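Peer 1: I'd like to ask some things about the structure below.
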Amino acid sequence: MAQSELKSKKSLIKLLKNAFSGLSQCEEIELEKSYRLHGKKIKIPIHCHPLQINLPPEGKALHLYPESLTNAIDNSCDSPNFIVFDPETYYSEISGFFRIEEGEKLVIGGNDKERQKAFLNISSRGRDYVFSIGNEEGHLIFRDYSPRSGSCISPMLKEKKMMRAVSWRRKKLKRLLKIFGGEITTLPEKEALSLLRDVNRLMADEAFREKDEDGNPGGVIKLPDKMTPFIIGDLHGKVDNLLVVLSQNGFLEALEQGTACLVMLGDAVHCEEEGRYHEMEGSILIMDIILRLKQQFPEQVFYLRGNHDGFSDEIAKGGVAQGLLWKKALNKSRGKEYRKEMERFYDLLPYAAYSKEMICCHAAPPTSKVTLEMLINIKHHIGLIRELNQNRLQKASRLGGYNKSDIKRFRKVFDLPSDTPVIVGHTPISMDDTLWVDVGEIENHYVVYGGNDDWVGVMTGIGDKMYPLIYPVEPLLDYINNLSDST
Ligand SMILES: [Mn+2]
């Protein structure tokens with residue numbers, strides 16, 4: 001770090017320490033109309049309505065919503081978290097936001113300037129001021145550090161503005177419901193078989209996928225430069241998590257417009273909840289949904305093969321042979337013909353995807369010597385399949401795991417810069433989270449896991465970089481099927 005940078009960081013820390021010591025020093029107000037801060041610190045009791053912040057120098061507007069008001073269902077304002085976003089992009093394109101949890105604060109113009117510019121579209125002219133928003137003990141605390149900056153906050157009290165984020169989500173859910181033919185449910189036997197056959201026809205000639213030397217679909221998807229990728233990890237039967245992602249941000253619209261693509265990192269099946277390893281109903285439903293998405297958006301939706309995507313007796317969790325149970329369940333509920341088509345689907349799946357912004361696969365970069373040719377011809381390299389699909393990060397008890405140099409080499413395979421994000425699923429670092437950054441102390445190495453009950457993480461392109469976003473899980477399946485036009 002440069003000396004001047006260090007110095008400014010130190011003075012910023014000092015500034016913040018002063019700012020947050022002794023809340024009693026700051027003025028408490030009930031915000032009924034616009035309020036100009038003039039370099040002051042104020043605290044506002046939290047009520048169930050959003051606020052608008054106008055930042056200098058041009059009065060750039062940001063919105064601050066209680067997180068419950070950005071959900072589709074819960075408009076009861078019982079979430080202590082706040083979401084800050086740029087209303088100009090939030091409602092119309094794939095964009096970022098900041099979450100301020102209770103006890104946290106967001107310092108705009110402090111560290112993290114690059115992300116703030118990408119998420120909030122703050123112009124570089126306005127970057128020499130510092131503005132903070134704290135969420136503390138039932139109060140929002142605002143501080144403007146420069147007396148002449150002219151920042152302003154105002155309450156958004158009109159019903160339409162208050163409910164804007166909720167209505168926006170509900171509209172997406174209705175759109176989803178329409179895409180799925182009016183109800184999201186397990187398909188009848190015949191329909192399911194014809195869907196899977198349709199998808200397999202698509203897969204035999206899948207978009208953005210070079211053929212291998214035998215003329216079969218190769219192991220790698222190369223996404224076009226203009227396409228914004230958004231990536232989710234192992235869903236393990238969590239239908240709601242998939243619906244949350246599809247109804248958040250500008251993802252669904254971008255799929256429909258053909259400007260973004262969803263990459264799922266495999267392992268959509270097999271419940272990971274203790275005591276429920278044997279349940280296969282959720283797996284059947286989630287595969288129906290994924291196959292319909294692939295049918296509807298063949299050039300926008302991609303599914304990479306995970307180690308659970310098969311019927312092998314090696315697929316097991318806690319002594320439950322999930323691979324064999326899955327085979328049995330499909331034979332029973334859908335018939336042998338369907339099960340065989342599913343086997344074919346698995347056989348047709350790609351193993352890795354990349355674009356100019358990222359590389360992803362289910363589990364791990366190979367530790368052995370590898371070329372792009374070999375990845376495309378992966379069917380001739382069984383060892384590679386096992387590595388991409390099942391390996392994990394190296395540690396004392398797993399010396400065969402991958403490490404930093406394998407990640408480095410993986411980027412070179414695709415001829416990508418040394419800071420390109422490498423994104424995998426398969427190995428959640430803990431069971432209470434969904435997304436991990438700089439995993440194994442390897443910069444720009446991410447793990448995403450889509451099977452958590454409370455949060456679902458997505459890696460997405462914003463501008464020309466990939467960023468992690470995390471959304472709360474809502475019980476959308478029941479909600480969506482009960483939506484009527486009046487809701
Ligand atoms: Mn896995």
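Following the order of the structure tokens, chains are lettered A, B, ..., residues in each are numbered from 1, and ligands are numbered from 1.
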If we count only C-alpha atoms and set the cut-off at 10 Å, which residues sit around His362 of chain A, ignoring sequence neighbours fewer than 2 positions away in its own chain? Please answer as a PyMOL selection string.
Peer 2: chain A and resi 233-234+264-267+303-307+351-353+360+364-365+387-391+423-427+447-448
Peer 1: For Asp432 of chain A, please output as a list in words all residues within 10 Å (counting only C-alpha atoms; exclusion window: fewer than 3 positions along the same chain).
Peer 2: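 The contact residues come out as Pro428, Ile429, Leu435, Gly451, Asn452, Asp453, Asp454 and Trp455 of chain A.
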Peer 1: Using N, CA and C atoms, can you export the residues from the last selection as a CSV table (one decimal), in the first residue's frame?
Peer 2:
```
chain,number,residue,atom,x,y,z
A,428,PRO,N,-19.3,-26.6,0.2
A,428,PRO,CA,-19.6,-25.4,1.1
A,428,PRO,C,-18.6,-25.4,2.2
A,429,ILE,N,-18.2,-24.2,2.6
A,429,ILE,CA,-17.2,-24.0,3.6
A,429,ILE,C,-17.8,-24.2,5.0
A,435,LEU,N,-22.1,-18.4,0.0
A,435,LEU,CA,-21.1,-17.9,-0.9
A,435,LEU,C,-19.8,-17.5,-0.2
A,451,GLY,N,-27.8,-24.6,-1.8
A,451,GLY,CA,-28.7,-25.4,-1.0
A,451,GLY,C,-29.0,-25.0,0.4
A,452,ASN,N,-28.6,-23.7,0.7
A,452,ASN,CA,-28.9,-23.2,2.1
A,452,ASN,C,-30.3,-22.8,2.3
A,453,ASP,N,-30.9,-23.0,3.5
A,453,ASP,CA,-32.3,-22.7,3.7
A,453,ASP,C,-32.6,-21.2,3.8
A,454,ASP,N,-31.6,-20.4,4.2
A,454,ASP,CA,-31.9,-19.0,4.5
A,454,ASP,C,-31.4,-18.0,3.4
A,455,TRP,N,-30.2,-18.3,2.8
A,455,TRP,CA,-29.7,-17.4,1.8
A,455,TRP,C,-29.3,-18.2,0.6
```
Peer 1: Expressed in Å to a single decimal, how great is the separation between atom CA of Phe410 of chain A and atom CA of Val439 of chain A?
Peer 2: 15.5 Å
Peer 1: Could you tell me how far atom CA of Glu30 of chain A sits from atom CA of Lys158 of chain A, in Å to one decimal place?
Peer 2: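 Distance reported for this atom pair: 16.6 Å.
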Peer 1: When you look at Gly219 of chain A with a cut-off of 6 Å (counting only C-alpha atoms), what residues show up, excluding the ones that are within fewer than 4 positions of it in the same chain? I need them as a list of chain:residue names.
Peer 2: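 In the requested format, the answer is A:Pro350, A:Tyr351, A:Leu375, A:Ile376, A:Ile378.
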Peer 1: Using only C-alpha atoms, please write the residues we just selected to a file, as an mmCIF file, in the first residue's frame.
Peer 2:
```cif
data_model
loop_
_atom_site.group_PDB
_atom_site.id
_atom_site.type_symbol
_atom_site.label_atom_id
_atom_site.label_comp_id
_atom_site.auth_asym_id
_atom_site.auth_seq_id
_atom_site.Cartn_x
_atom_site.Cartn_y
_atom_site.Cartn_z
ATOM 1 C CA PRO A 350 -20.814 -30.155 -20.221
ATOM 2 C CA TYR A 351 -18.254 -29.997 -17.388
ATOM 3 C CA LEU A 375 -11.325 -30.456 -21.615
ATOM 4 C CA ILE A 376 -13.270 -30.414 -24.867
ATOM 5 C CA ILE A 378 -13.082 -34.848 -21.693
#
```
Peer 1: Determine the nearest neighbour of Ala118 of chain A from the options A:Tyr35, A:Trp168, A:Tyr354, A:Tyr467, counting only C-alpha atoms.
Peer 2: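 Counting only C-alpha atoms, the residue closest to Ala118 of chain A is A:Tyr467.
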